[in-house]
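Have a look at the structure below, then the notes.
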Amino acid sequence: MRFDILTLFPGMFAGPFGESILKRAQQAGLLEIALHDIRTYATDRHKSTDDYPFGGGAGMVMKPEVLYQALADVLGFGPAAQASETLELLPEERPPVLLMSPAGEPFTQRMAEELAQQPRIILICGHYEGIDERIRECCVDREVSIGDYVLTGGELAAMVIVDAVARLQPGVLAAASTEEESHSDYLLEYPQYTRPATWRGQPIPAILTSGHHANVARWRHEQRLLRTLQRRPDLLQKAVLSPRDREYLRRHGWGTSPAPDDSAAS
Ligand code: 6GU
């Protein structure tokens, strides 16, 4: 899968993309990440990428022409279209163009799974007070936010999205590790333990060394239910629950408010 990232700060990406799993996946040819410096598309001698907002107000707005030229270049428009004074619409057959914005739709594991089906996506990192609305209208398919807080720019959001989508590509992670994880089925993960079996006086749950695989599996599933009930009861509305799951949850306070605290865990 290929990611094209349009940014004013390409240097910010070196750390996250140059280490660990994303680094290895690129070396193995499973991922391609292309960084495009928006400033190289500025046309005036000051290389300006932003300007004052019409109508006044604080902050600066990213200039449409600069972003448009960057997109046109990344999408491989011919020089004629790029030189044209009119707005050449982006071709219908093109990778999705995502704009990173705190006003976007919330990024979720569902969206990561959807985007992971694409061979290529384009991410625009907004900065300053935002981008000229006409770019949104002509050229953006989806506006995406990574949470209800405000960042200084879209770069960190783009890194989050690339990471979440890249790890779903076949071969990037060991095969089984994405199946039972938090959010893939709306249940949080069960607790994990490794050696030593007793650490500073703290033993692991005895069932894990019982050798009884079915009981271990049931215990883990119940831990997932319990954790989701305690920490993210909102997710239980979306999870697929068996009658036995529902009965277990009710016994642990599901449907009564307030939500039970951690000390009720057993
Ligand atoms: Cl995508 N951008 C900015 N600037 N702030 C955010 C965000 C994006 N998502 C959450 N906060």
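Just so we're on the same page: first chain in the structure tokens is A, next is B, and so on; residues restart at 1 for each chain, and ligands are numbered from 1 in the order they show up.
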_Can you pull out every residue with an atom within 8 Å of ligand 1? Use only C-alpha atoms and all ligand atoms and format it as a PyMOL selection string._
chain A and resi 99-104+125-127+143-158
*asked:* Among segment 171-234 of chain A, which ones does DSSP assign to strand (DSSP E) (computed from the backbone)? Answer as a VMD selection string.
replied: chain A and resid 198 to 199 202 to 203
Since we have the selection now, will you write its residues out, keeping N, CA, C and O atoms, as a CSV table (one decimal), in the first residue's frame?
chain,number,residue,atom,x,y,z
A,198,THR,N,5.3,-15.8,39.6
A,198,THR,CA,5.1,-14.9,40.8
A,198,THR,C,6.2,-13.8,40.7
A,198,THR,O,7.4,-14.1,40.6
A,199,TRP,N,5.7,-12.6,40.7
A,199,TRP,CA,6.6,-11.5,40.6
A,199,TRP,C,6.4,-10.5,41.8
A,199,TRP,O,5.2,-10.1,42.0
A,202,GLN,N,3.4,-11.1,43.6
A,202,GLN,CA,2.1,-11.1,42.8
A,202,GLN,C,2.0,-12.3,41.9
A,202,GLN,O,2.7,-12.3,40.9
A,203,PRO,N,1.1,-13.2,42.2
A,203,PRO,CA,1.0,-14.4,41.4
A,203,PRO,C,0.1,-14.1,40.2
A,203,PRO,O,-0.7,-13.1,40.2
_Between atom CA of Met159 of chain A and atom CA of Glu114 of chain A, what is the distance in Å, rounded to a tenth?_
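Computed distance, atom CA of Met159 of chain A to atom CA of Glu114 of chain A, equals 17.0 Å.
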*asked:* With only C-alpha atoms as the counted atoms, please give the residues lying no more than 12 Å from segment 211-216 of chain A, apart from itself and same-chain residues fewer than 6 positions off, as a PyMOL selection string.
replied: chain A and resi 190-192+205+222-223
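Considering only C-alpha atoms, the residue among A:Met1, A:Leu225, A:Val165, A:Leu8 positioned nearest to Arg246 of chain A is A:Leu225.
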*Choose the residue, out of A:Thr228, A:Leu173, A:Ala58, A:Leu188, that has the smallest atom-to-atom separation from His252 of chain A; count only C-alpha atoms.*
A:Thr228
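Relative to atom CA of Ser242 of chain A, atom CA of Ser210 of chain A is found at 25.5 Å.
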_Which residues are near segment 117-121 of chain A? Cut-off 6 Å, only C-alpha atoms, ignore same chain within fewer than 5 positions. Put them as a list in words._
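Returned residues: Met1, Arg2, Phe3, Pro95 and Pro96 of chain A.
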*Between atom CA of Ala25 of chain A and atom CA of Glu113 of chain A, measure the distance and give it in Å to one decimal.*
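Atom CA of Ala25 of chain A sits 17.7 Å away from atom CA of Glu113 of chain A.
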_Long-range neighbours of Leu90 of chain A as a PyMOL selection string, 9 Å cut-off, only C-alpha atoms, 5 positions minimum in chain_ = chain A and resi 71-72+75+77+138-139
Quick one: write out the picked residues with all heavy atoms as a CSV table (one decimal), in the first residue's frame?
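Final file, selection.csv:
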chain,number,residue,atom,x,y,z
A,71,LEU,N,-1.4,18.7,-5.0
A,71,LEU,CA,-2.3,17.6,-5.3
A,71,LEU,C,-2.2,17.2,-6.8
A,71,LEU,O,-2.1,16.0,-7.1
A,71,LEU,CB,-3.7,17.9,-5.0
A,71,LEU,CG,-4.2,17.7,-3.6
A,71,LEU,CD1,-5.6,18.2,-3.5
A,71,LEU,CD2,-4.2,16.2,-3.3
A,72,ALA,N,-2.2,18.1,-7.6
A,72,ALA,CA,-2.1,17.9,-9.1
A,72,ALA,C,-0.8,17.1,-9.4
A,72,ALA,O,-0.8,16.1,-10.2
A,72,ALA,CB,-2.2,19.2,-9.9
A,75,LEU,N,-1.0,13.5,-8.0
A,75,LEU,CA,-1.9,12.7,-8.8
A,75,LEU,C,-1.5,12.5,-10.2
A,75,LEU,O,-2.2,11.9,-11.0
A,75,LEU,CB,-3.3,13.3,-8.7
A,75,LEU,CG,-4.0,13.2,-7.3
A,75,LEU,CD1,-5.3,14.0,-7.3
A,75,LEU,CD2,-4.3,11.7,-7.0
A,77,PHE,N,-1.3,14.9,-12.8
A,77,PHE,CA,-1.9,15.7,-13.8
A,77,PHE,C,-0.8,16.1,-14.8
A,77,PHE,O,0.3,16.3,-14.5
A,77,PHE,CB,-2.4,17.0,-13.2
A,77,PHE,CG,-3.7,17.0,-12.6
A,77,PHE,CD1,-4.1,15.8,-12.0
A,77,PHE,CD2,-4.5,18.1,-12.5
A,77,PHE,CE1,-5.3,15.8,-11.3
A,77,PHE,CE2,-5.7,18.0,-11.9
A,77,PHE,CZ,-6.1,16.9,-11.3
A,138,CYS,N,-13.4,21.1,-4.0
A,138,CYS,CA,-13.0,20.5,-5.2
A,138,CYS,C,-12.3,19.1,-5.0
A,138,CYS,O,-12.3,18.2,-5.9
A,138,CYS,CB,-12.0,21.4,-6.0
A,138,CYS,SG,-10.4,21.6,-5.4
A,139,CYS,N,-11.5,19.0,-3.9
A,139,CYS,CA,-10.5,18.0,-4.0
A,139,CYS,C,-10.4,17.0,-2.8
A,139,CYS,O,-9.6,16.1,-2.7
A,139,CYS,CB,-9.1,18.7,-4.1
A,139,CYS,SG,-9.0,19.8,-5.5
